[in-house]
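Q: My file is upload.txt. It has compact mmCIF, C-alpha atoms:
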```
# COMPACT_ATOMS: atom_id res chain seq x y z
CA MET A 1 -70.04 63.18 23.01
CA GLY A 2 -73.22 62.18 24.67
CA GLY A 3 -73.03 64.68 27.52
CA ASN A 4 -75.83 67.09 28.25
CA ALA A 5 -75.08 70.30 26.34
CA ALA A 6 -76.72 72.44 29.01
CA ASN A 7 -74.08 71.77 31.69
CA LYS A 8 -71.11 71.67 29.32
CA PRO A 9 -68.01 72.98 31.08
CA LYS A 10 -65.34 75.09 29.36
CA LEU A 11 -62.91 72.50 28.06
CA LEU A 12 -60.10 74.76 26.92
CA VAL A 13 -58.98 77.83 28.87
CA ASN A 14 -55.87 79.70 27.63
CA GLY A 15 -54.70 76.55 25.83
CA LYS A 16 -54.96 74.47 29.04
CA ARG A 17 -57.45 71.65 29.41
CA VAL A 18 -59.75 70.87 32.35
CA ASP A 19 -57.04 68.86 34.15
CA GLY A 20 -54.29 71.38 33.34
CA ARG A 21 -52.72 69.52 30.42
CA ASN A 22 -51.65 70.98 27.09
CA VAL A 23 -53.35 69.68 23.96
CA ASP A 24 -50.45 67.33 23.17
CA ASP A 25 -49.99 65.92 26.69
CA ILE A 26 -51.11 62.43 27.63
CA ARG A 27 -52.17 61.54 31.15
CA ASN A 28 -49.80 59.68 33.46
CA VAL A 29 -49.38 56.11 32.31
CA LYS A 30 -48.01 53.39 34.58
CA ILE A 31 -47.73 49.76 33.49
CA VAL A 32 -46.73 46.73 35.54
CA ALA A 33 -46.20 43.49 33.67
CA ARG A 34 -46.57 39.98 35.09
CA VAL A 35 -49.02 40.52 37.92
CA LEU A 36 -51.18 37.39 37.83
CA ASN A 37 -49.97 34.01 39.04
CA ASP A 38 -52.15 31.78 36.92
CA ALA A 39 -52.19 33.64 33.61
CA ASP A 40 -49.55 32.92 30.98
CA GLY A 41 -49.03 36.64 30.59
CA SER A 42 -50.54 39.63 32.34
CA ALA A 43 -50.29 43.36 32.81
CA TYR A 44 -51.84 46.06 34.93
CA ILE A 45 -52.17 49.59 33.65
CA GLU A 46 -53.02 52.87 35.31
CA TRP A 47 -53.73 55.45 32.66
CA GLY A 48 -54.90 58.63 34.35
CA LYS A 49 -57.74 57.36 36.52
CA ASN A 50 -58.27 54.24 34.39
CA LYS A 51 -57.28 51.02 36.12
CA ILE A 52 -57.20 47.97 33.91
CA LEU A 53 -56.06 44.40 34.30
CA ALA A 54 -55.19 42.32 31.25
CA GLY A 55 -54.56 38.58 31.24
CA VAL A 56 -53.53 36.29 28.40
CA TYR A 57 -54.06 32.52 28.34
CA GLY A 58 -52.85 30.16 25.68
CA PRO A 59 -52.21 28.90 23.13
CA SER A 60 -54.51 26.14 24.37
CA GLU A 61 -56.85 23.69 22.67
CA CYS A 62 -59.57 25.64 20.89
CA ILE A 63 -63.00 25.06 22.41
CA PRO A 64 -65.65 24.87 20.90
CA ARG A 65 -64.05 22.76 18.24
CA HIS A 66 -66.03 24.20 15.34
CA ASP A 67 -64.13 27.45 15.93
CA GLN A 68 -60.81 25.69 15.26
CA SER A 69 -58.78 26.43 12.19
CA LEU A 70 -56.20 24.05 10.75
CA TYR A 71 -54.24 27.00 9.43
CA ARG A 72 -54.01 29.37 12.34
CA GLY A 73 -54.75 29.92 16.00
CA ILE A 74 -57.96 31.71 16.94
CA ILE A 75 -57.78 34.87 19.00
CA LYS A 76 -60.52 35.53 21.52
CA CYS A 77 -60.97 38.70 23.46
CA ARG A 78 -63.25 39.64 26.31
CA TYR A 79 -63.46 43.27 27.34
CA ASN A 80 -65.46 43.66 30.51
CA MET A 81 -66.31 46.68 32.57
CA ALA A 82 -66.76 46.05 36.27
CA PRO A 83 -70.18 47.23 37.50
CA PHE A 84 -68.40 49.53 39.98
CA SER A 85 -65.95 50.93 37.43
CA GLY A 86 -67.54 54.25 36.52
CA ALA A 87 -68.79 57.44 38.09
CA GLU A 88 -72.27 56.54 36.84
CA GLU A 89 -74.16 53.33 37.33
CA HIS A 90 -73.06 50.66 34.87
CA GLY A 91 -75.83 48.22 35.64
CA ARG A 92 -75.23 44.51 35.65
CA SER A 93 -71.89 43.11 34.60
CA GLY A 94 -71.49 40.78 31.64
CA PRO A 95 -71.52 41.32 27.92
CA ASN A 96 -73.59 44.14 26.54
CA ARG A 97 -73.70 45.90 23.20
CA ARG A 98 -70.80 48.19 24.02
CA SER A 99 -68.47 45.60 25.52
CA LYS A 100 -69.09 43.21 22.62
CA GLU A 101 -68.08 45.92 20.17
CA LEU A 102 -64.91 46.75 22.09
CA SER A 103 -64.00 43.08 22.43
CA LYS A 104 -64.31 42.81 18.66
CA VAL A 105 -62.20 45.86 17.78
CA ILE A 106 -59.47 44.90 20.27
CA ARG A 107 -59.39 41.34 18.91
CA GLU A 108 -59.16 42.60 15.34
CA ALA A 109 -56.29 44.93 16.23
CA PHE A 110 -54.33 41.98 17.64
CA GLU A 111 -55.19 39.63 14.76
CA ASN A 112 -52.92 41.82 12.64
CA VAL A 113 -49.82 41.37 14.78
CA ILE A 114 -50.03 37.96 16.45
CA ILE A 115 -48.30 35.28 14.36
CA SER A 116 -51.09 32.78 14.86
CA GLU A 117 -50.00 30.51 11.98
CA ASN A 118 -47.52 28.98 14.43
CA PHE A 119 -50.35 27.52 16.52
CA PRO A 120 -52.93 25.72 14.36
CA LYS A 121 -56.05 24.38 16.11
CA THR A 122 -55.52 26.52 19.19
CA GLN A 123 -56.98 29.57 20.82
CA ILE A 124 -55.31 32.53 22.47
CA GLU A 125 -57.53 34.26 24.99
CA ILE A 126 -57.19 37.90 25.98
CA TYR A 127 -59.15 39.07 29.00
CA VAL A 128 -59.38 42.76 29.80
CA GLU A 129 -61.10 43.82 33.00
CA ILE A 130 -61.84 47.49 33.51
CA LEU A 131 -61.66 48.06 37.27
CA GLN A 132 -61.99 51.83 37.10
CA SER A 133 -62.82 53.90 34.06
CA ASP A 134 -62.24 57.52 33.16
CA GLY A 135 -62.45 57.73 29.38
CA GLY A 136 -60.19 56.02 26.86
CA THR A 137 -60.51 52.52 28.29
CA ARG A 138 -60.32 50.79 24.91
CA CYS A 139 -56.98 52.44 24.19
CA ALA A 140 -55.62 51.58 27.62
CA ALA A 141 -56.96 48.04 27.18
CA VAL A 142 -55.09 47.58 23.88
CA THR A 143 -51.90 48.95 25.46
CA ALA A 144 -52.14 46.64 28.49
CA ALA A 145 -53.11 43.60 26.43
CA ALA A 146 -50.08 44.09 24.17
CA VAL A 147 -47.78 43.99 27.21
CA ALA A 148 -49.61 40.92 28.53
CA LEU A 149 -49.18 39.14 25.18
CA ALA A 150 -45.48 39.96 25.09
CA ASP A 151 -45.18 38.70 28.67
CA ALA A 152 -46.86 35.44 27.64
CA GLY A 153 -44.20 35.00 24.95
CA ILE A 154 -46.73 34.85 22.14
CA PRO A 155 -44.93 35.73 18.88
CA MET A 156 -46.02 39.08 17.51
CA LYS A 157 -44.85 41.25 14.65
CA ASP A 158 -45.02 44.31 16.85
CA MET A 159 -46.02 45.50 20.30
CA ILE A 160 -48.90 47.83 19.59
CA ASN A 161 -50.55 50.56 21.58
CA ALA A 162 -53.50 52.88 21.21
CA VAL A 163 -54.43 56.42 22.06
CA ALA A 164 -57.47 58.59 21.37
CA VAL A 165 -57.65 62.11 20.02
CA CYS A 166 -60.57 64.47 20.47
CA LYS A 167 -61.82 67.85 19.39
CA ILE A 168 -62.52 70.14 22.31
CA ASP A 169 -63.80 73.68 21.87
CA GLY A 170 -62.78 73.52 18.20
CA LYS A 171 -59.20 72.37 18.79
CA MET A 172 -57.61 68.95 18.44
CA ALA A 173 -56.23 67.37 21.63
CA VAL A 174 -54.76 64.00 22.49
CA ASP A 175 -55.94 61.46 25.08
CA PRO A 176 -59.35 62.81 26.19
CA GLY A 177 -60.45 62.25 29.75
CA LYS A 178 -64.03 61.53 30.74
CA GLU A 179 -65.29 65.14 30.61
CA GLU A 180 -63.61 65.83 27.28
CA ASP A 181 -65.04 62.60 25.96
CA ASN A 182 -68.56 63.41 27.13
CA PHE A 183 -68.68 67.07 26.14
CA GLY A 184 -66.14 67.24 23.28
CA ASP A 185 -67.14 67.60 19.64
CA SER A 186 -65.42 64.49 18.38
CA ASP A 187 -63.59 61.43 19.66
CA MET A 188 -61.27 59.20 17.64
CA PRO A 189 -59.43 56.19 19.15
CA ILE A 190 -56.50 54.94 17.07
CA ALA A 191 -54.21 51.92 17.55
CA TYR A 192 -50.84 52.13 15.86
CA SER A 193 -48.28 49.54 14.99
CA PRO A 194 -45.20 51.63 15.85
CA ARG A 195 -42.87 49.56 13.69
CA THR A 196 -44.71 50.13 10.42
CA GLY A 197 -46.97 53.07 11.26
CA GLU A 198 -50.02 51.04 10.24
CA ILE A 199 -53.36 51.84 11.84
CA LEU A 200 -54.92 48.75 13.42
CA LEU A 201 -57.91 50.26 15.18
CA TYR A 202 -59.74 53.31 14.01
CA GLN A 203 -63.09 54.57 15.18
CA MET A 204 -64.67 58.00 15.13
CA ASP A 205 -67.53 59.67 16.86
CA GLY A 206 -68.63 63.15 15.78
CA LEU A 207 -67.39 65.18 12.86
CA LEU A 208 -63.91 66.30 11.77
CA THR A 209 -62.59 68.16 8.74
CA ARG A 210 -59.77 66.70 6.66
CA GLU A 211 -57.25 69.10 8.24
CA GLU A 212 -58.40 68.26 11.77
CA LEU A 213 -58.14 64.58 10.96
CA ALA A 214 -54.57 64.95 9.72
CA GLU A 215 -53.64 66.92 12.83
CA GLY A 216 -55.31 64.30 15.03
CA LEU A 217 -53.37 61.46 13.40
CA LYS A 218 -50.10 63.29 13.99
CA LEU A 219 -50.95 63.96 17.65
CA ALA A 220 -51.85 60.31 18.14
CA LYS A 221 -48.66 59.11 16.53
CA ASP A 222 -46.47 61.28 18.78
CA ALA A 223 -48.36 60.12 21.87
CA SER A 224 -48.05 56.51 20.71
CA GLU A 225 -44.24 56.83 20.74
CA LYS A 226 -44.34 57.98 24.38
CA ILE A 227 -46.58 55.09 25.38
CA ARG A 228 -44.36 52.57 23.59
CA LYS A 229 -41.42 53.64 25.80
CA ILE A 230 -43.51 52.99 28.93
CA GLN A 231 -44.52 49.56 27.60
CA ILE A 232 -40.89 48.62 26.95
CA GLU A 233 -39.85 49.75 30.43
CA ALA A 234 -42.60 47.61 31.97
CA ILE A 235 -41.31 44.50 30.20
CA GLN A 236 -37.66 45.18 30.96
CA LYS A 237 -38.50 45.67 34.63
CA VAL A 238 -39.79 42.09 34.89
CA TYR A 239 -36.30 40.83 34.08
CA GLU A 240 -34.28 43.49 35.90
CA GLU A 241 -35.98 42.67 39.20
CA PRO A 242 -36.88 38.98 38.91
CA LYS A 243 -39.47 37.69 41.35
CA GLU A 244 -40.37 34.10 42.07
CA GLU A 245 -43.93 35.00 43.01
CA ARG A 246 -46.09 37.26 40.94
CA PHE A 247 -48.48 39.50 42.77
CA LEU A 248 -50.58 42.54 42.22
CA LEU A 249 -50.44 45.62 44.40
CA ILE A 250 -53.07 48.31 44.04
CA LYS A 251 -52.62 51.30 46.26
CA MET B 1 -19.71 36.05 27.00
CA SER B 2 -20.75 39.21 25.23
CA GLU B 3 -23.36 41.55 26.64
CA SER B 4 -26.82 40.44 25.54
CA LYS B 5 -29.71 42.78 25.22
CA ILE B 6 -33.38 42.36 26.08
CA VAL B 7 -35.45 42.84 22.93
CA ILE B 8 -39.20 43.14 22.56
CA PRO B 9 -41.56 42.11 19.75
CA GLY B 10 -41.07 44.27 16.67
CA GLU B 11 -37.59 45.43 17.64
CA LEU B 12 -35.07 45.70 14.81
CA LEU B 13 -32.34 43.05 15.05
CA SER B 14 -30.57 43.54 11.74
CA ASP B 15 -30.76 45.75 8.66
CA LYS B 16 -30.19 42.66 6.51
CA PRO B 17 -32.54 39.71 6.06
CA GLU B 18 -31.08 37.11 8.42
CA ARG B 19 -32.17 33.67 9.45
CA ILE B 20 -32.67 33.95 13.19
CA SER B 21 -35.05 31.77 15.17
CA TYR B 22 -37.96 33.66 16.78
CA ALA B 23 -37.39 36.50 14.32
CA PHE B 24 -39.12 37.47 11.10
CA ILE B 25 -38.09 39.33 7.97
CA ASP B 26 -40.07 42.26 6.66
CA ASN B 27 -38.97 44.52 3.82
CA GLY B 28 -35.41 43.19 3.88
CA LYS B 29 -34.94 43.73 7.61
CA THR B 30 -35.02 41.34 10.55
CA TYR B 31 -37.21 41.94 13.59
CA SER B 32 -37.80 40.06 16.83
CA THR B 33 -41.19 38.42 17.48
CA VAL B 34 -40.74 37.72 21.18
CA VAL B 35 -39.31 39.13 24.37
CA GLY B 36 -35.84 37.63 24.36
CA LEU B 37 -32.12 38.00 24.90
CA TYR B 38 -30.27 38.93 21.72
CA SER B 39 -26.56 38.77 21.12
CA GLU B 40 -24.46 38.07 18.04
CA GLY B 41 -27.19 36.82 15.76
CA LYS B 42 -28.78 34.59 18.37
CA LEU B 43 -32.16 35.25 19.94
CA VAL B 44 -33.16 33.30 23.04
CA PRO B 45 -36.80 33.77 24.09
CA LEU B 46 -37.39 34.62 27.74
CA GLU B 47 -40.97 33.37 27.78
CA GLY B 48 -43.22 31.40 25.53
CA PRO B 49 -45.25 28.29 24.91
CA TYR B 50 -43.54 24.93 24.45
CA GLU B 51 -43.04 24.08 20.79
CA PRO B 52 -42.50 20.33 20.53
CA LEU B 53 -39.74 19.02 18.25
CA PRO B 54 -38.84 15.44 17.30
CA ASP B 55 -36.38 13.80 19.72
CA ASP B 56 -37.27 16.11 22.59
CA LEU B 57 -37.19 14.30 25.94
CA ILE B 58 -40.33 15.20 27.81
CA VAL B 59 -42.21 14.48 31.00
CA GLY B 60 -45.85 13.64 30.31
CA ILE B 61 -48.95 12.81 32.29
CA ILE B 62 -51.36 10.10 31.13
CA SER B 63 -54.60 11.98 30.59
CA GLU B 64 -56.65 9.28 28.87
CA VAL B 65 -56.40 5.54 28.36
CA LYS B 66 -57.60 4.65 24.88
CA PHE B 67 -58.18 1.39 23.04
CA SER B 68 -54.84 1.32 21.28
CA GLY B 69 -52.71 3.53 23.49
CA TYR B 70 -52.62 6.57 25.70
CA SER B 71 -53.38 10.23 25.32
CA ILE B 72 -50.72 12.24 27.10
CA ASP B 73 -50.57 15.79 28.41
CA ILE B 74 -47.19 17.25 27.44
CA ASN B 75 -47.87 20.91 28.28
CA THR B 76 -48.98 21.83 24.76
CA ALA B 77 -52.35 22.66 23.28
CA TYR B 78 -52.23 19.30 21.51
CA PRO B 79 -52.37 15.98 23.40
CA ALA B 80 -49.68 13.50 22.37
CA PHE B 81 -50.35 9.88 21.53
CA LEU B 82 -48.40 6.92 22.88
CA SER B 83 -49.21 3.67 21.11
CA SER B 84 -49.47 0.47 23.17
CA ARG B 85 -47.13 -1.14 20.64
CA GLU B 86 -44.30 1.09 21.79
CA ILE B 87 -44.37 -0.09 25.38
CA ARG B 88 -44.34 -3.23 27.46
CA GLU B 89 -45.90 -1.86 30.66
CA ARG B 90 -49.42 -0.61 31.35
CA TYR B 91 -50.31 2.82 32.64
CA ASN B 92 -53.22 4.32 34.50
CA MET B 93 -54.66 7.78 34.29
CA GLY B 94 -52.48 10.24 36.17
CA ASP B 95 -49.24 8.25 35.84
CA THR B 96 -46.19 10.26 34.90
CA ILE B 97 -43.79 9.12 32.20
CA PHE B 98 -40.48 10.20 30.75
CA ALA B 99 -40.50 9.79 26.98
CA ARG B 100 -39.18 10.93 23.61
CA ILE B 101 -41.16 12.66 20.89
CA THR B 102 -40.96 10.45 17.80
CA MET B 103 -43.18 12.24 15.31
CA ILE B 104 -44.85 15.58 14.85
CA ASP B 105 -46.71 16.78 11.77
CA GLU B 106 -47.82 20.11 10.33
CA VAL B 107 -51.03 20.26 12.36
CA ARG B 108 -49.04 19.30 15.46
CA SER B 109 -50.32 15.74 15.85
CA THR B 110 -47.69 14.30 18.17
CA GLU B 111 -46.57 10.73 18.76
CA ILE B 112 -44.19 9.67 21.48
CA GLY B 113 -42.17 6.57 22.28
CA ASP B 114 -39.34 5.24 24.48
CA ALA B 115 -41.59 5.74 27.48
CA LYS B 116 -40.57 4.94 31.01
CA LYS B 117 -42.81 5.25 34.05
CA LEU B 118 -41.53 7.60 36.74
CA ALA B 119 -41.51 6.67 40.43
CA ALA B 120 -43.73 8.50 42.92
CA GLY B 121 -42.80 12.12 43.31
CA ARG B 122 -43.93 15.65 42.66
CA LEU B 123 -44.42 17.67 39.52
CA VAL B 124 -43.08 21.21 39.13
CA LYS B 125 -44.38 23.16 36.17
CA VAL B 126 -41.97 25.76 34.82
CA SER B 127 -41.74 27.74 31.62
CA SER B 128 -40.26 25.49 28.92
CA VAL B 129 -37.72 28.12 27.82
CA LYS B 130 -36.05 27.87 31.26
CA ILE B 131 -35.40 24.12 31.04
CA PRO B 132 -31.94 24.42 29.42
CA ARG B 133 -30.92 26.55 32.39
CA ILE B 134 -32.28 24.00 34.89
CA ILE B 135 -30.31 21.25 33.14
CA GLY B 136 -27.20 23.41 32.74
CA LYS B 137 -24.13 22.94 30.59
CA LYS B 138 -23.37 19.21 30.38
CA ASN B 139 -26.04 18.57 33.06
CA SER B 140 -24.04 20.64 35.59
CA MET B 141 -27.02 22.33 37.25
CA ILE B 142 -29.26 19.28 37.48
CA ASP B 143 -26.39 17.12 38.76
CA MET B 144 -25.74 19.68 41.47
CA LEU B 145 -29.44 19.75 42.41
CA GLN B 146 -29.58 15.96 42.59
CA SER B 147 -26.45 15.55 44.71
CA ALA B 148 -27.40 18.37 47.09
CA THR B 149 -31.00 17.29 47.64
CA GLY B 150 -30.73 13.53 47.17
CA CYS B 151 -33.68 13.54 44.78
CA GLU B 152 -33.97 12.08 41.33
CA ILE B 153 -34.91 14.95 39.03
CA SER B 154 -36.21 14.47 35.50
CA ALA B 155 -36.47 17.73 33.57
CA GLY B 156 -38.65 17.41 30.49
CA ARG B 157 -38.01 19.76 27.59
CA ASN B 158 -41.71 20.68 27.77
CA GLY B 159 -41.43 22.47 31.11
CA TYR B 160 -42.52 19.66 33.41
CA VAL B 161 -39.95 18.73 36.04
CA TRP B 162 -40.46 15.55 38.05
CA ILE B 163 -38.85 15.26 41.48
CA ALA B 164 -38.75 11.70 42.82
CA GLY B 165 -36.83 9.83 45.49
CA THR B 166 -36.48 10.19 49.23
CA GLY B 167 -34.41 13.37 49.31
CA ASN B 168 -35.35 16.91 50.20
CA ALA B 169 -37.90 17.51 47.43
CA THR B 170 -39.10 20.81 48.89
CA LEU B 171 -35.60 22.26 48.69
CA ALA B 172 -35.26 20.98 45.13
CA GLU B 173 -38.54 22.61 44.16
CA LYS B 174 -37.52 25.92 45.73
CA ALA B 175 -34.19 25.83 43.91
CA ILE B 176 -35.96 25.15 40.61
CA ARG B 177 -38.30 28.10 41.21
CA MET B 178 -35.23 30.24 41.89
CA ILE B 179 -33.57 29.13 38.65
CA GLU B 180 -36.77 29.87 36.75
CA ALA B 181 -37.00 33.42 38.09
CA GLN B 182 -33.33 34.22 37.50
CA ALA B 183 -32.67 32.20 34.34
CA HIS B 184 -31.52 35.24 32.34
CA THR B 185 -28.84 36.37 34.83
CA HIS B 186 -25.13 35.59 35.03
CA GLY B 187 -23.43 33.55 37.77
CA LEU B 188 -26.58 31.60 38.54
CA THR B 189 -24.87 28.25 39.22
CA ASP B 190 -22.83 29.78 42.05
CA ARG B 191 -25.88 31.41 43.62
CA VAL B 192 -27.88 28.19 43.45
CA SER B 193 -24.97 26.30 44.95
CA GLN B 194 -24.81 28.76 47.85
CA TYR B 195 -28.56 28.61 48.30
CA LEU B 196 -28.50 24.82 48.46
CA LYS B 197 -25.66 24.85 51.00
CA ALA B 198 -27.35 27.49 53.18
CA ASN B 199 -30.68 25.65 53.27
CA LYS B 200 -29.41 22.11 53.59
CA GLN B 201 -30.27 20.39 56.84
```
Written as structure tokens, that's how I'd like the structure from this file.

A:
Amino acid sequence: MGGNAANKPKLLVNGKRVDGRNVDDIRNVKIVARVLNDADGSAYIEWGKNKILAGVYGPSECIPRHDQSLYRGIIKCRYNMAPFSGAEEHGRSGPNRRSKELSKVIREAFENVIISENFPKTQIEIYVEILQSDGGTRCAAVTAAAVALADAGIPMKDMINAVAVCKIDGKMAVDPGKEEDNFGDSDMPIAYSPRTGEILLYQMDGLLTREELAEGLKLAKDASEKIRKIQIEAIQKVYEEPKEERFLLIK
Amino acid sequence: MSESKIVIPGELLSDKPERISYAFIDNGKTYSTVVGLYSEGKLVPLEGPYEPLPDDLIVGIISEVKFSGYSIDINTAYPAFLSSREIRERYNMGDTIFARITMIDEVRSTEIGDAKKLAAGRLVKVSSVKIPRIIGKKNSMIDMLQSATGCEISAGRNGYVWIAGTGNATLAEKAIRMIEAQAHTHGLTDRVSQYLKANKQ
């Protein structure tokens, strides 16, 4: 959506997409957990060309105090796109309309799974920095933040992940890249709780029929299972190859 | 020791509702809430914030001197309070104490007592879930660390470890970092013992 219709490329040729994937293939996903020294939990994700760093701090004393709750911990989320992160100019860094919205939807997805009743009067902060973007950053951000939260040892009912589905040239496909996002007919990011199958984040841009929607949900659910395996591997790797120092390596 | 398995949040532990710490019950089944080691109905978290309990022995830092006592940083989101009535000595900001948690309520207001000031030394901050490993079975690990390095080591349940005395504190700190990184592995005591021997001068 949002691309100029005049220079729209062909998105689907003989069932193959612009980057050679099938409609039900996700891009390559690589997650490394525990990459930051000073965060309580952290993760780095490479999802296609997306490069995202997630850090979790807390539970710590909730500041400002009027945000405190005596019944539960408060979850705060900051999604931020680096000014150099995209192919186009992103302007100045800092909160804007888009990043505020994404911070909100990511926070609300996690409010469903974090057992915050254990930590009254505190805050749990989730920071997501988009270093390089190529479509689907909010889904990659949710996936990385879930690993970072698990790494921080914050009790959760499930380790969630997210994936988008899109409609390109009249057909449903999973995990749209930047071109498919810009020139596709519809875009629908979904966060699943794999344990219960509940939907924790759901947005839609464009139009879909009921049948397309049902097909999209199924595609997303299958992709979500694949991503969950990668998340679990990332966490297990922390303990299989223990390191005294945490560090981040970006090739 | 049976083979334990690394579980992640939301992983099924049992088909029956069971009382397991760090687990929750949903729809008659038991699931993990943390990354932990699970074996035979016992779930040990591998990471997580310190959750204070009464009678925990902790290392704290005086963060504020108040009219009737002291506010103390014990590595939680909630500062603990030490009343002047509980103690006979006086503290200054930044002093380190070894103390016992006497009271904790539902909004995590914490009071401590039995405080003792610690001699000059250095503070090592580790994850609180690794402290049992640093202390070891019947103090075996910490005794070994103390005899090999000649330091006095106080390991607080809250994840603060205080290394005092005239011994090789740097070696002690390195050994504690090693224990923290490898806390979930088998045969750790032997490896630490070898490490201490190899690096002792």

Q: Quick one, how far is atom CA of Gly206 of chain A from atom CA of Lys218 of chain A?

A: 18.6 Å

Q: Identify every residue of chain B that has at least one atom within 7 Å of any atom of chain A, counting all atoms listed in the file, and report the result as a list in words.

A: Pro9, Gly10, Thr33, Val34, Val35, Glu47, Gly48, Pro49, Ala77, Tyr78, Val107, Arg177, Met178, Ala181 and Gln182 of chain B

Q: In Å, with one decimal, what is the gap from atom CA of Phe84 of chain A to atom CA of Arg97 of chain A?

A: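 Going from atom CA of Phe84 of chain A over to atom CA of Arg97 of chain A, I get 18.0 Å.
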
Q: What is the atom CA of Gly86 of chain A-atom CA of Lys178 of chain A distance in Å, reported with one decimal?

A: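 Computed distance, atom CA of Gly86 of chain A to atom CA of Lys178 of chain A, equals 9.9 Å.
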
Q: Between A:Gly216, A:Pro83, A:Gly55, A:Gly170, which residue has the minimum interatomic distance to Gln132 of chain A, considering all atoms listed in the file?

A: A:Pro83

Q: Measuring between only C-alpha atoms, which one of A:Lys10, A:Tyr127, A:His90, A:Asn96 shows the shortest distance to Tyr57 of chain A?

A: A:Tyr127

Q: Write out as a ChimeraX atom specification each polymer residue whose atoms come within 12 Å of Arg90 of chain B, counting all atoms listed in the file; drop sequence neighbours fewer than 3 positions from it.

A: /B:62,65-66,68-70,82-87,93,95-97,115-117

Q: Using only C-alpha atoms, which residues sit within 9 Å of Arg133 of chain B once same-chain residues fewer than 5 positions away are excluded, as number ranges by chain?

A: B: 141, 179-180, 183-184

Q: Tell me, as number ranges by chain, which residues lie within 9 Å of Val105 of chain A, counting all atoms listed in the file; anything in the same chain fewer than 6 positions away does not count.

A: A: 138, 200-202

Q: Go through A:Gly197, A:Gly20, A:Ala33, A:Asp169 one by one, measure the shortest atom-to-atom distance of each to Ala145 of chain A using all atoms listed in the file, and give the residue with the smallest value.

A: A:Ala33

Q: Kindly indicate which residue among B:Ile153, B:Ile112, B:Met103, B:Leu37 lies nearest to Ile58 of chain B, using all atoms listed in the file for the distances.

A: B:Ile112

Q: Dump C-alpha atoms of segment 148-167 of chain B from the given block, as a compact mmCIF listing (two decimals), in the first residue's frame.

A:
```txt
# COMPACT_ATOMS: atom_id res chain seq x y z
CA ALA B 148 41.59 -20.54 47.48
CA THR B 149 41.52 -16.74 47.25
CA GLY B 150 41.89 -15.76 50.90
CA CYS B 151 38.94 -13.39 50.64
CA GLU B 152 35.88 -13.12 52.80
CA ILE B 153 32.90 -13.58 50.50
CA SER B 154 29.33 -12.73 51.48
CA ALA B 155 26.78 -13.90 48.92
CA GLY B 156 23.42 -12.22 49.37
CA ARG B 157 20.33 -14.05 48.18
CA ASN B 158 19.48 -10.91 46.18
CA GLY B 159 22.36 -11.29 43.74
CA TYR B 160 24.88 -8.98 45.39
CA VAL B 161 28.15 -10.65 46.32
CA TRP B 162 30.59 -8.78 48.55
CA ILE B 163 34.28 -9.67 48.38
CA ALA B 164 36.29 -8.34 51.32
CA GLY B 165 39.66 -9.09 52.91
CA THR B 166 43.22 -8.99 51.70
CA GLY B 167 43.13 -11.99 49.38
```
